[in-house]
>>> print(open('model.txt').read())   # compact mmCIF, C-alpha atoms and all ligand atoms
# COMPACT_ATOMS: atom_id res chain seq x y z
CA MET A 1 1.77 18.69 -8.60
CA PRO A 2 0.48 19.41 -12.14
CA THR A 3 -3.11 18.49 -12.95
CA THR A 4 -4.13 15.92 -15.57
CA LEU A 5 -7.50 15.85 -17.30
CA ILE A 6 -8.64 12.74 -19.16
CA LYS A 7 -11.62 13.74 -21.27
CA ASN A 8 -14.07 12.20 -23.74
CA ILE A 9 -13.79 8.85 -21.91
CA LYS A 10 -16.09 6.36 -23.60
CA ARG A 11 -16.97 4.94 -20.16
CA LEU A 12 -15.58 5.59 -16.68
CA TYR A 13 -15.95 2.67 -14.23
CA GLY A 14 -15.79 2.25 -10.47
CA HIS A 15 -16.37 5.84 -9.41
CA SER A 16 -18.11 7.19 -6.36
CA ASP A 17 -18.56 10.61 -4.75
CA ILE A 18 -18.52 9.18 -1.27
CA PRO A 19 -16.28 6.50 0.26
CA MET A 20 -17.17 3.27 -1.47
CA SER A 21 -18.44 0.42 0.70
CA PHE A 22 -17.32 -3.22 0.56
CA LYS A 23 -19.45 -5.03 -2.03
CA LYS A 24 -21.37 -8.13 -0.94
CA GLY A 25 -23.67 -10.59 -2.67
CA GLU A 26 -25.94 -8.86 -5.18
CA GLN A 27 -24.03 -5.58 -4.76
CA MET A 28 -21.09 -7.17 -6.54
CA LYS A 29 -23.09 -7.08 -9.77
CA ASP A 30 -23.49 -3.29 -9.75
CA VAL A 31 -20.51 -1.33 -10.98
CA ASN A 32 -20.95 2.43 -11.14
CA SER A 33 -20.19 3.68 -14.61
CA THR A 34 -20.67 6.87 -16.64
CA GLY A 35 -20.50 7.25 -20.41
CA ASP A 36 -18.87 10.26 -22.11
CA ALA A 37 -16.98 11.20 -18.97
CA TYR A 38 -13.92 12.99 -17.64
CA VAL A 39 -11.62 12.59 -14.65
CA LEU A 40 -9.36 15.31 -13.25
CA PHE A 41 -6.49 14.57 -10.88
CA ASP A 42 -3.19 15.66 -9.43
CA ARG A 43 -1.73 13.23 -6.89
CA GLN A 44 -5.30 12.51 -5.85
CA ILE A 45 -8.59 12.37 -7.72
CA LEU A 46 -9.96 15.93 -7.86
CA SER A 47 -13.24 15.39 -9.70
CA PHE A 48 -15.02 13.25 -12.27
CA GLY A 49 -18.31 13.44 -14.11
CA SER A 50 -19.96 13.61 -17.48
CA MET A 51 -18.45 15.72 -20.26
CA SER A 52 -21.22 18.28 -19.83
CA SER A 53 -19.47 19.39 -16.61
CA CYS A 54 -15.87 18.90 -17.79
CA PRO A 55 -13.36 21.52 -16.54
CA GLU A 56 -11.95 23.71 -19.30
CA SER A 57 -8.26 23.17 -18.75
CA ALA A 58 -5.52 21.33 -16.91
CA ASP A 59 -1.72 21.10 -17.16
CA HIS A 60 -2.01 17.89 -19.21
CA VAL A 61 -5.06 17.04 -21.26
CA ILE A 62 -5.58 13.55 -22.68
CA ASP A 63 -8.26 12.69 -25.17
CA ALA A 64 -9.76 9.25 -24.39
CA THR A 65 -12.24 8.97 -27.23
CA ASN A 66 -13.36 5.29 -27.52
CA LYS A 67 -11.27 4.35 -24.47
CA LEU A 68 -12.22 3.25 -20.94
CA VAL A 69 -10.98 4.30 -17.51
CA PHE A 70 -10.83 1.98 -14.47
CA PRO A 71 -9.40 2.42 -10.99
CA ALA A 72 -6.07 0.53 -10.74
CA TRP A 73 -6.27 -3.05 -9.44
CA CYS A 74 -5.73 -3.90 -5.78
CA ASP A 75 -3.84 -7.21 -5.48
CA SER A 76 -4.17 -8.20 -1.81
CA HIS A 77 -2.00 -11.37 -1.81
CA THR A 78 1.43 -11.80 -3.40
CA HIS A 79 4.90 -13.17 -2.72
CA ILE A 80 6.91 -11.14 -5.27
CA VAL A 81 10.16 -11.16 -3.30
CA PHE A 82 11.95 -14.37 -4.24
CA ALA A 83 15.35 -15.40 -5.50
CA THR A 84 14.69 -17.78 -8.39
CA SER A 85 11.92 -19.23 -10.50
CA ARG A 86 10.86 -22.91 -10.14
CA GLU A 87 9.91 -24.03 -13.63
CA GLN A 88 11.56 -27.43 -13.02
CA GLU A 89 8.72 -28.17 -10.56
CA PHE A 90 6.20 -27.17 -13.19
CA VAL A 91 7.68 -29.83 -15.47
CA MET A 92 7.76 -32.35 -12.59
CA ARG A 93 4.05 -31.77 -12.06
CA LEU A 94 3.40 -32.23 -15.78
CA ASN A 95 5.19 -35.54 -15.36
CA GLY A 96 2.76 -36.59 -12.66
CA LYS A 97 4.21 -35.41 -9.32
CA THR A 98 1.91 -33.45 -7.01
CA TYR A 99 2.65 -30.11 -5.33
CA GLU A 100 2.65 -31.92 -1.95
CA GLU A 101 5.06 -34.64 -3.15
CA ILE A 102 7.49 -32.03 -4.47
CA ALA A 103 7.27 -30.10 -1.18
CA LYS A 104 7.87 -33.26 0.88
CA ALA A 105 10.97 -34.04 -1.18
CA GLY A 106 12.51 -30.66 -0.26
CA GLY A 107 11.26 -28.73 -3.29
CA GLY A 108 8.60 -26.05 -3.11
CA ILE A 109 8.88 -23.41 -0.42
CA LEU A 110 12.03 -25.00 1.05
CA GLN A 111 13.73 -24.81 -2.32
CA SER A 112 12.87 -21.11 -2.51
CA ALA A 113 14.18 -20.64 1.05
CA GLN A 114 17.49 -22.26 0.19
CA LYS A 115 17.98 -19.96 -2.79
CA LEU A 116 16.86 -16.88 -0.90
CA ARG A 117 19.35 -17.51 1.89
CA GLU A 118 22.14 -17.32 -0.70
CA SER A 119 20.88 -13.93 -1.95
CA HIS A 120 21.67 -10.34 -1.04
CA PHE A 121 19.51 -7.30 -0.62
CA GLU A 122 20.45 -5.76 -4.00
CA ASP A 123 19.51 -8.83 -6.06
CA LEU A 124 16.28 -9.49 -4.17
CA HIS A 125 15.32 -5.85 -4.39
CA SER A 126 16.05 -5.44 -8.07
CA SER A 127 14.18 -8.61 -9.08
CA ALA A 128 11.18 -7.72 -6.87
CA LEU A 129 11.17 -4.18 -8.28
CA HIS A 130 11.19 -5.63 -11.77
CA ARG A 131 8.12 -7.76 -10.89
CA LEU A 132 6.44 -4.75 -9.32
CA HIS A 133 6.94 -2.74 -12.52
CA GLU A 134 5.67 -5.71 -14.51
CA VAL A 135 2.38 -5.84 -12.59
CA ILE A 136 2.01 -2.05 -12.53
CA SER A 137 2.20 -2.10 -16.33
CA MET A 138 -0.80 -4.48 -16.29
CA GLY A 139 -2.72 -2.08 -14.05
CA THR A 140 -1.92 -3.01 -10.45
CA GLY A 141 -1.82 0.02 -8.15
CA ALA A 142 -1.95 -1.48 -4.64
CA ILE A 143 -0.24 -4.69 -3.62
CA GLU A 144 0.31 -6.79 -0.52
CA ILE A 145 3.66 -8.58 -0.40
CA LYS A 146 4.62 -11.39 2.00
CA SER A 147 7.86 -12.66 3.45
CA GLY A 148 8.06 -16.43 3.97
CA TYR A 149 10.92 -17.61 1.76
CA GLY A 150 13.56 -16.79 4.36
CA LEU A 151 12.51 -19.06 7.24
CA SER A 152 15.37 -17.80 9.43
CA PHE A 153 15.66 -14.63 11.47
CA GLU A 154 18.14 -12.97 9.07
CA SER A 155 16.42 -13.98 5.87
CA GLU A 156 12.87 -13.16 6.97
CA VAL A 157 14.06 -9.73 8.13
CA LEU A 158 15.92 -9.29 4.82
CA MET A 159 12.75 -10.00 2.85
CA LEU A 160 10.75 -7.55 4.96
CA GLU A 161 13.44 -4.90 4.46
CA VAL A 162 13.15 -5.38 0.71
CA ILE A 163 9.36 -4.95 0.97
CA LYS A 164 9.83 -1.85 3.14
CA HIS A 165 12.12 -0.36 0.52
CA LEU A 166 9.53 -1.00 -2.20
CA LYS A 167 6.89 0.55 0.04
CA LEU A 168 8.91 3.72 0.61
CA HIS A 169 10.07 4.20 -2.98
CA SER A 170 7.21 3.09 -5.21
CA ASP A 171 4.12 4.99 -6.30
CA ALA A 172 2.20 1.76 -5.76
CA SER A 173 0.58 1.36 -2.33
CA VAL A 174 2.38 -1.55 -0.64
CA LYS A 175 1.30 -3.58 2.40
CA SER A 176 3.77 -5.92 4.09
CA THR A 177 2.99 -9.29 5.67
CA PHE A 178 5.22 -11.40 7.90
CA LEU A 179 4.87 -15.05 6.82
CA GLY A 180 7.65 -16.65 8.88
CA ALA A 181 5.23 -19.56 9.38
CA HIS A 182 5.17 -20.49 5.69
CA ALA A 183 6.90 -23.85 6.20
CA ILE A 184 9.08 -25.56 8.80
CA PRO A 185 12.66 -25.12 7.53
CA ALA A 186 14.66 -28.29 6.87
CA GLU A 187 16.93 -27.80 9.90
CA TYR A 188 13.91 -27.84 12.27
CA LYS A 189 12.12 -30.73 10.60
CA ASP A 190 12.40 -32.77 13.79
CA ASN A 191 11.93 -29.86 16.14
CA ARG A 192 9.07 -27.78 14.85
CA GLN A 193 8.39 -26.36 18.32
CA GLU A 194 11.76 -24.64 18.25
CA TYR A 195 11.06 -23.02 14.87
CA ILE A 196 7.67 -21.79 16.11
CA ARG A 197 9.46 -20.38 19.16
CA ILE A 198 11.92 -18.54 16.88
CA VAL A 199 9.04 -17.11 14.81
CA THR A 200 7.09 -15.93 17.85
CA GLU A 201 9.81 -15.02 20.33
CA ASP A 202 12.75 -13.88 18.20
CA MET A 203 11.39 -12.69 14.84
CA LEU A 204 8.08 -11.14 15.91
CA PRO A 205 9.36 -8.72 18.57
CA TYR A 206 12.12 -7.49 16.25
CA ILE A 207 9.79 -7.10 13.25
CA ALA A 208 7.21 -5.25 15.33
CA ASP A 209 9.83 -3.00 16.88
CA LYS A 210 11.28 -2.06 13.48
CA GLN A 211 7.77 -1.71 11.98
CA LEU A 212 8.62 -4.12 9.20
CA ALA A 213 5.15 -5.62 8.75
CA ASP A 214 1.47 -4.68 8.72
CA TYR A 215 0.10 -8.23 8.98
CA ILE A 216 0.94 -11.72 10.15
CA ASP A 217 0.16 -14.77 8.02
CA VAL A 218 0.40 -18.55 8.52
CA PHE A 219 0.16 -21.36 5.96
CA CYS A 220 -2.48 -23.36 7.83
CA ASP A 221 -2.72 -26.53 5.80
CA GLU A 222 -1.96 -30.23 5.68
CA GLY A 223 1.80 -30.76 5.82
CA PHE A 224 2.48 -27.17 6.95
CA PHE A 225 1.02 -25.64 10.15
CA THR A 226 -1.78 -27.16 12.22
CA VAL A 227 -4.84 -25.25 13.39
CA LYS A 228 -3.45 -25.21 16.94
CA GLU A 229 -0.06 -23.88 15.83
CA THR A 230 -1.75 -21.32 13.59
CA ASP A 231 -3.95 -20.09 16.45
CA TYR A 232 -0.90 -19.70 18.69
CA ILE A 233 1.16 -17.83 16.07
CA LEU A 234 -1.69 -15.51 15.07
CA LYS A 235 -2.40 -14.66 18.72
CA LYS A 236 1.29 -13.90 19.29
CA GLY A 237 1.26 -11.69 16.20
CA GLN A 238 -1.73 -9.79 17.52
CA GLU A 239 0.08 -9.18 20.81
CA TYR A 240 2.61 -7.31 18.69
CA GLY A 241 -0.06 -5.36 16.82
CA LEU A 242 -0.04 -7.40 13.60
CA LYS A 243 -3.50 -8.25 12.30
CA PRO A 244 -3.91 -11.71 10.78
CA LYS A 245 -4.30 -12.75 7.16
CA ILE A 246 -4.11 -16.45 6.52
CA HIS A 247 -3.43 -19.13 3.89
CA ALA A 248 -6.31 -21.54 4.44
CA ASN A 249 -7.84 -24.64 2.85
CA GLU A 250 -5.64 -24.86 -0.23
CA LEU A 251 -4.50 -28.46 0.13
CA ALA A 252 -7.14 -29.80 2.53
CA ASN A 253 -10.23 -28.75 4.46
CA SER A 254 -7.85 -27.81 7.22
CA GLY A 255 -9.92 -25.76 9.68
CA GLY A 256 -7.95 -22.74 8.58
CA VAL A 257 -11.02 -20.67 7.71
CA GLN A 258 -12.54 -21.07 11.18
CA ILE A 259 -9.30 -20.28 12.99
CA GLY A 260 -8.82 -17.19 10.80
CA ILE A 261 -12.33 -16.00 11.62
CA SER A 262 -11.94 -16.63 15.34
CA ASN A 263 -8.76 -14.51 15.25
CA LYS A 264 -10.63 -11.75 13.37
CA ALA A 265 -8.39 -12.15 10.33
CA ILE A 266 -8.69 -9.36 7.75
CA SER A 267 -8.90 -12.07 5.11
CA VAL A 268 -8.73 -15.83 4.67
CA ASP A 269 -7.08 -16.66 1.37
CA HIS A 270 -7.06 -19.63 -1.06
CA LEU A 271 -10.30 -21.47 -0.06
CA GLU A 272 -9.99 -24.09 -2.80
CA ARG A 273 -11.29 -26.74 -0.40
CA ILE A 274 -14.10 -25.19 1.58
CA GLY A 275 -17.67 -26.39 2.03
CA GLU A 276 -21.01 -25.24 3.43
CA LYS A 277 -19.67 -25.03 6.98
CA GLU A 278 -16.94 -22.57 6.00
CA ILE A 279 -19.36 -20.47 3.96
CA GLU A 280 -21.74 -20.30 6.95
CA ALA A 281 -18.89 -19.29 9.25
CA LEU A 282 -17.80 -16.55 6.82
CA LYS A 283 -21.35 -15.20 6.66
CA ASN A 284 -21.23 -14.49 10.37
CA SER A 285 -17.89 -12.69 10.29
CA SER A 286 -16.17 -9.61 8.92
CA THR A 287 -13.28 -11.67 7.51
CA ILE A 288 -12.96 -11.28 3.73
CA PRO A 289 -12.84 -14.50 1.70
CA THR A 290 -10.12 -14.09 -0.91
CA ALA A 291 -9.78 -16.49 -3.82
CA LEU A 292 -6.72 -17.02 -6.01
CA PRO A 293 -7.95 -18.48 -9.31
CA ASN A 294 -4.52 -18.45 -10.94
CA VAL A 295 -3.34 -21.00 -8.33
CA SER A 296 -6.15 -23.38 -9.27
CA PHE A 297 -5.27 -23.00 -12.93
CA PHE A 298 -1.54 -23.45 -12.40
CA LEU A 299 -1.67 -26.33 -9.89
CA ASP A 300 -4.72 -27.92 -11.50
CA ILE A 301 -6.65 -28.01 -8.23
CA PRO A 302 -10.31 -27.10 -7.55
CA TYR A 303 -11.40 -23.46 -7.80
CA ALA A 304 -12.74 -21.77 -4.68
CA PRO A 305 -16.57 -21.84 -4.80
CA CYS A 306 -16.91 -18.11 -5.42
CA ARG A 307 -20.24 -18.35 -7.25
CA GLN A 308 -21.72 -20.13 -4.25
CA MET A 309 -20.17 -17.62 -1.83
CA ILE A 310 -21.57 -14.60 -3.68
CA ASP A 311 -24.98 -16.28 -4.09
CA ASN A 312 -24.92 -16.73 -0.31
CA GLY A 313 -24.54 -13.00 0.13
CA LEU A 314 -20.78 -12.91 0.71
CA GLY A 315 -18.41 -10.35 -0.75
CA ILE A 316 -15.19 -11.77 -2.10
CA ALA A 317 -11.80 -10.42 -3.12
CA LEU A 318 -9.63 -11.95 -5.83
CA ALA A 319 -5.84 -11.78 -5.76
CA SER A 320 -2.98 -13.10 -7.85
CA ASP A 321 -0.76 -14.89 -5.26
CA TYR A 322 2.18 -14.11 -7.61
CA ASN A 323 4.97 -16.45 -6.40
CA PRO A 324 7.49 -18.84 -7.97
CA GLY A 325 5.72 -22.08 -6.99
CA SER A 326 1.97 -21.98 -7.32
CA THR A 327 1.37 -18.86 -9.50
CA PRO A 328 4.18 -17.34 -11.52
CA SER A 329 1.87 -14.55 -12.70
CA GLY A 330 0.55 -11.27 -11.35
CA ASN A 331 -1.63 -10.64 -14.39
CA ILE A 332 -4.93 -9.32 -13.01
CA PRO A 333 -6.74 -8.99 -16.38
CA LEU A 334 -6.02 -12.68 -17.05
CA LEU A 335 -7.13 -13.53 -13.51
CA MET A 336 -10.46 -11.80 -14.12
CA ALA A 337 -10.98 -13.92 -17.24
CA MET A 338 -10.15 -17.03 -15.22
CA ALA A 339 -12.64 -16.05 -12.51
CA CYS A 340 -15.39 -15.58 -15.10
CA HIS A 341 -14.70 -18.78 -17.01
CA GLN A 342 -13.87 -21.14 -14.18
CA MET A 343 -15.75 -19.70 -11.21
CA LYS A 344 -18.70 -18.34 -13.23
CA LEU A 345 -18.34 -14.81 -11.95
CA LEU A 346 -19.85 -12.02 -14.01
CA PRO A 347 -17.40 -9.45 -15.37
CA ASN A 348 -18.80 -6.85 -12.96
CA GLU A 349 -18.26 -9.20 -10.00
CA ALA A 350 -14.68 -9.93 -11.05
CA PHE A 351 -14.09 -6.18 -11.37
CA GLN A 352 -15.39 -5.44 -7.84
CA ALA A 353 -13.28 -8.30 -6.47
CA VAL A 354 -10.01 -6.81 -7.78
CA THR A 355 -10.81 -3.15 -7.11
CA ILE A 356 -12.80 -2.03 -4.08
CA ASN A 357 -13.00 -5.45 -2.36
CA GLY A 358 -9.29 -6.06 -2.93
CA ALA A 359 -8.63 -2.67 -1.35
CA TYR A 360 -10.65 -3.67 1.73
CA ALA A 361 -8.75 -6.98 1.94
CA MET A 362 -5.57 -4.99 2.64
CA GLU A 363 -7.14 -1.99 4.38
CA GLU A 364 -6.31 0.38 1.53
CA ASN A 365 -9.96 1.22 0.91
CA GLU A 366 -9.63 4.84 2.07
CA LYS A 367 -7.04 5.58 -0.62
CA CYS A 368 -7.48 2.93 -3.35
CA GLY A 369 -10.01 0.77 -5.16
CA SER A 370 -12.34 3.39 -6.65
CA ILE A 371 -12.30 6.70 -8.48
CA THR A 372 -13.30 8.91 -5.59
CA PRO A 373 -12.21 12.49 -4.89
CA GLY A 374 -9.47 12.43 -2.26
CA LYS A 375 -8.28 8.92 -3.08
CA TRP A 376 -4.96 8.35 -4.85
CA ALA A 377 -5.12 9.02 -8.58
CA ASN A 378 -4.51 5.33 -9.43
CA ILE A 379 -5.90 5.10 -12.92
CA ILE A 380 -5.96 2.68 -15.84
CA LEU A 381 -6.65 3.96 -19.36
CA THR A 382 -7.44 1.21 -21.88
CA ASP A 383 -7.00 1.19 -25.62
CA GLU A 384 -10.07 1.51 -27.84
CA ILE A 385 -12.51 -1.18 -26.71
CA PRO A 386 -16.31 -1.27 -26.26
CA GLY A 387 -16.56 -1.85 -22.49
CA LEU A 388 -15.64 -3.85 -19.36
CA ASP A 389 -17.32 -7.04 -20.63
CA TYR A 390 -15.12 -6.91 -23.74
CA PHE A 391 -12.00 -6.19 -21.66
CA ILE A 392 -12.48 -9.53 -19.86
CA TYR A 393 -13.92 -11.44 -22.84
CA HIS A 394 -10.88 -10.74 -25.05
CA PHE A 395 -8.61 -12.66 -22.68
CA GLY A 396 -4.86 -12.83 -23.00
CA GLN A 397 -4.73 -9.55 -24.87
CA ASN A 398 -3.23 -6.49 -23.20
CA HIS A 399 -5.77 -3.68 -23.34
CA VAL A 400 -4.08 -1.56 -20.64
CA GLU A 401 -2.64 1.41 -22.50
CA SER A 402 -1.58 3.77 -19.69
CA VAL A 403 -1.35 3.61 -15.90
CA TRP A 404 -1.07 6.48 -13.43
CA LEU A 405 -0.27 5.86 -9.76
CA LYS A 406 -0.53 8.72 -7.29
CA GLY A 407 -1.04 10.87 -10.36
CA SER A 408 2.24 10.04 -12.01
CA LEU A 409 2.39 8.23 -15.32
CA GLN A 410 3.91 4.73 -14.98
CA LYS A 411 3.24 3.32 -18.42
CA ASN A 412 2.38 4.82 -21.75
O1 LIG B 501 0.10 -19.04 -1.62
N1 LIG B 501 0.36 -21.90 -0.30
C1 LIG B 501 1.35 -21.42 0.19
N2 LIG B 501 2.16 -20.50 -0.29
C2 LIG B 501 2.19 -20.03 -1.63
C3 LIG B 501 2.99 -20.90 -2.52
C4 LIG B 501 4.32 -21.10 -2.07
C5 LIG B 501 5.24 -21.75 -3.03
O2 LIG B 501 4.95 -22.81 -3.59
O3 LIG B 501 6.32 -21.16 -3.20
C6 LIG B 501 0.79 -19.90 -2.13
O4 LIG B 501 0.35 -20.62 -3.02
FE FE B 502 0.17 -17.20 -1.05
>>> encode(input="model.txt", output="structure tokens", more="lines below")
Ligand code: NIG
Ligand code: FE
Amino acid sequence: MPTTLIKNIKRLYGHSDIPMSFKKGEQMKDVNSTGDAYVLFDRQILSFGSMSSCPESADHVIDATNKLVFPAWCDSHTHIVFATSREQEFVMRLNGKTYEEIAKAGGGILQSAQKLRESHFEDLHSSALHRLHEVISMGTGAIEIKSGYGLSFESEVLMLEVIKHLKLHSDASVKSTFLGAHAIPAEYKDNRQEYIRIVTEDMLPYIADKQLADYIDVFCDEGFFTVKETDYILKKGQEYGLKPKIHANELANSGGVQIGISNKAISVDHLERIGEKEIEALKNSSTIPTALPNVSFFLDIPYAPCRQMIDNGLGIALASDYNPGSTPSGNIPLLMAMACHQMKLLPNEAFQAVTINGAYAMEENEKCGSITPGKWANIILTDEIPGLDYFIYHFGQNHVESVWLKGSLQKN
């Protein structure tokens, strides 16, 4: 593959010569950066450094005077495969209905499931690919995508096949999560045990056999799956080699965090309604707390207490949760602004949470999340701006000028 040299970079952020560790507590404040820098790459990062040691030539040379370079974002929680948008629920909420009331009345996830069941592979794939390109153009380079709008054997498998196709044919790094336990489908409303049996005894063995998922997830919350059901489903998933990730404590202090930790979940996500007990439990675990500030903004619910978590020594990841119901946005730069304004994170902390820590939250840390020789050349070049603080401060403006994934230019 041809080599590309970006030179005269005003400031290069998030680099490291050696594999970068997960950032916790105070470490989240320290972002490696070098002024007047270069980066050289083919499919992978080859080298970086200050201009005084810049290589003389490359197949493509780009002058980045007054511009910044970041590693591409790692968005560890999304649902970008879906059939239709749900703006009518947005208006219902503006008129006073709650997310839970809409869900109980057959809207929400069940509405998405109904529409998805009427869809075919081609439509689902082309709309998901469109969303993937959309987020890549805003700088996302690694993404986790969940099923969970099928809620039947055929439709869950269909969603996972769409994700597998994206995984095989995109330059983005894609992780796939089986979320059959996203909601009890309408037809099993009075027989939830039978749906849980279908998830664990019919869907799981097939999905594991066809290698359609990397992780298993459950929506452990009031009105969805209980702690006991979640524990059972996660354990079944692990029997089939799927590590847990979990939706926890969005709608209530549901016990989801503790059950995720006891099942050694990679991450527990949402966390809008956690307290001291959950923070203590997370401190004694390797499970990564992942917050989704765009959900809090969009549903007008509390923000996860990320400031408190970091001040308690925890490392956090931030992810978009891009989905039609609670977050119709995969915009990571906007999410970073939200995290700074609403959760009182510092720009450096928000940056770590969507780069290296996001990579750890989907086990992509060996290939993504920092500018490190040997990792994928997943690179963001900004327009002419003073620095990372400004990038987040000037919210709502697109400062991402170019994006390379695996060394190939995605956006210019
Ligand atoms: O992460 N909370 C559960 N699932 C999604 C939203 C699902 C929906 O409303 O479509 C979430 O917010
Ligand atoms: Fe989600």
>>> residues_near_ligand(input="model.txt", ligand="ligand LIG 501 (chain B)", cutoff="8 Å", atoms="all atoms listed in the file", output="ChimeraX atom specification")
/A:77-79,99,108-109,112,149,182,219,247,250,270,295,321,323-327
>>> write_last_selection(input="model.txt", atoms="C-alpha atoms", output="PDB file, in the frame of the given file")
ATOM      1  CA  HIS A  77      -2.000 -11.370  -1.810  1.00  0.00           C
ATOM      2  CA  THR A  78       1.430 -11.800  -3.400  1.00  0.00           C
ATOM      3  CA  HIS A  79       4.900 -13.170  -2.720  1.00  0.00           C
ATOM      4  CA  TYR A  99       2.650 -30.110  -5.330  1.00  0.00           C
ATOM      5  CA  GLY A 108       8.600 -26.050  -3.110  1.00  0.00           C
ATOM      6  CA  ILE A 109       8.880 -23.410  -0.420  1.00  0.00           C
ATOM      7  CA  SER A 112      12.870 -21.110  -2.510  1.00  0.00           C
ATOM      8  CA  TYR A 149      10.920 -17.610   1.760  1.00  0.00           C
ATOM      9  CA  HIS A 182       5.170 -20.490   5.690  1.00  0.00           C
ATOM     10  CA  PHE A 219       0.160 -21.360   5.960  1.00  0.00           C
ATOM     11  CA  HIS A 247      -3.430 -19.130   3.890  1.00  0.00           C
ATOM     12  CA  GLU A 250      -5.640 -24.860  -0.230  1.00  0.00           C
ATOM     13  CA  HIS A 270      -7.060 -19.630  -1.060  1.00  0.00           C
ATOM     14  CA  VAL A 295      -3.340 -21.000  -8.330  1.00  0.00           C
ATOM     15  CA  ASP A 321      -0.760 -14.890  -5.260  1.00  0.00           C
ATOM     16  CA  ASN A 323       4.970 -16.450  -6.400  1.00  0.00           C
ATOM     17  CA  PRO A 324       7.490 -18.840  -7.970  1.00  0.00           C
ATOM     18  CA  GLY A 325       5.720 -22.080  -6.990  1.00  0.00           C
ATOM     19  CA  SER A 326       1.970 -21.980  -7.320  1.00  0.00           C
ATOM     20  CA  THR A 327       1.370 -18.860  -9.500  1.00  0.00           C
TER      21      THR A 327
END
>>> residues_around(input="model.txt", residues="Tyr232 in chain A", least_positions_apart="3", cutoff="12 Å", atoms="only C-alpha atoms", output="PyMOL selection string")
chain A and resi 181+193+196-197+199-201+216-218+220+225-229+235-239+244+259-260+262-263
>>> atom_distance(input="model.txt", atom1="CA of Ala37 in chain A", atom2="CA of Lys24 in chain A")
26.8 Å
>>> atom_distance(input="model.txt", atom1="CA of His341 in chain A", atom2="CA of Asp221 in chain A")
26.9 Å
>>> residues_around(input="model.txt", residues="Val257 in chain A", least_positions_apart="5", cutoff="7 Å", atoms="only C-alpha atoms", output="PyMOL selection string")
chain A and resi 248+268+278
>>> closest_residue(input="model.txt", among="A:Leu212, A:Ala359, A:Ala265, A:Ala252", to="Asp231 in chain A", atoms="only C-alpha atoms")
A:Ala265
>>> residues_around(input="model.txt", residues="Cys368 in chain A", least_positions_apart="4", cutoff="12 Å", atoms="all atoms listed in the file", output="PDB file with C-alpha atoms, in the frame of the given file")
ATOM      1  CA  GLY A  14     -15.790   2.250 -10.470  1.00  0.00           C
ATOM      2  CA  HIS A  15     -16.370   5.840  -9.410  1.00  0.00           C
ATOM      3  CA  SER A  16     -18.110   7.190  -6.360  1.00  0.00           C
ATOM      4  CA  PRO A  19     -16.280   6.500   0.260  1.00  0.00           C
ATOM      5  CA  MET A  20     -17.170   3.270  -1.470  1.00  0.00           C
ATOM      6  CA  SER A  21     -18.440   0.420   0.700  1.00  0.00           C
ATOM      7  CA  GLN A  44      -5.300  12.510  -5.850  1.00  0.00           C
ATOM      8  CA  ILE A  45      -8.590  12.370  -7.720  1.00  0.00           C
ATOM      9  CA  PHE A  70     -10.830   1.980 -14.470  1.00  0.00           C
ATOM     10  CA  PRO A  71      -9.400   2.420 -10.990  1.00  0.00           C
ATOM     11  CA  ALA A  72      -6.070   0.530 -10.740  1.00  0.00           C
ATOM     12  CA  TRP A  73      -6.270  -3.050  -9.440  1.00  0.00           C
ATOM     13  CA  CYS A  74      -5.730  -3.900  -5.780  1.00  0.00           C
ATOM     14  CA  ASP A  75      -3.840  -7.210  -5.480  1.00  0.00           C
ATOM     15  CA  SER A  76      -4.170  -8.200  -1.810  1.00  0.00           C
ATOM     16  CA  THR A 140      -1.920  -3.010 -10.450  1.00  0.00           C
ATOM     17  CA  GLY A 141      -1.820   0.020  -8.150  1.00  0.00           C
ATOM     18  CA  ALA A 142      -1.950  -1.480  -4.640  1.00  0.00           C
ATOM     19  CA  ILE A 143      -0.240  -4.690  -3.620  1.00  0.00           C
ATOM     20  CA  ALA A 172       2.200   1.760  -5.760  1.00  0.00           C
ATOM     21  CA  SER A 173       0.580   1.360  -2.330  1.00  0.00           C
ATOM     22  CA  VAL A 174       2.380  -1.550  -0.640  1.00  0.00           C
ATOM     23  CA  VAL A 354     -10.010  -6.810  -7.780  1.00  0.00           C
ATOM     24  CA  THR A 355     -10.810  -3.150  -7.110  1.00  0.00           C
ATOM     25  CA  ILE A 356     -12.800  -2.030  -4.080  1.00  0.00           C
ATOM     26  CA  ASN A 357     -13.000  -5.450  -2.360  1.00  0.00           C
ATOM     27  CA  GLY A 358      -9.290  -6.060  -2.930  1.00  0.00           C
ATOM     28  CA  ALA A 359      -8.630  -2.670  -1.350  1.00  0.00           C
ATOM     29  CA  TYR A 360     -10.650  -3.670   1.730  1.00  0.00           C
ATOM     30  CA  ALA A 361      -8.750  -6.980   1.940  1.00  0.00           C
ATOM     31  CA  MET A 362      -5.570  -4.990   2.640  1.00  0.00           C
ATOM     32  CA  GLU A 363      -7.140  -1.990   4.380  1.00  0.00           C
ATOM     33  CA  GLU A 364      -6.310   0.380   1.530  1.00  0.00           C
ATOM     34  CA  THR A 372     -13.300   8.910  -5.590  1.00  0.00           C
ATOM     35  CA  PRO A 373     -12.210  12.490  -4.890  1.00  0.00           C
ATOM     36  CA  GLY A 374      -9.470  12.430  -2.260  1.00  0.00           C
ATOM     37  CA  LYS A 375      -8.280   8.920  -3.080  1.00  0.00           C
ATOM     38  CA  TRP A 376      -4.960   8.350  -4.850  1.00  0.00           C
ATOM     39  CA  ALA A 377      -5.120   9.020  -8.580  1.00  0.00           C
ATOM     40  CA  ASN A 378      -4.510   5.330  -9.430  1.00  0.00           C
ATOM     41  CA  ILE A 379      -5.900   5.100 -12.920  1.00  0.00           C
ATOM     42  CA  LEU A 405      -0.270   5.860  -9.760  1.00  0.00           C
ATOM     43  CA  LYS A 406      -0.530   8.720  -7.290  1.00  0.00           C
TER      44      LYS A 406
END
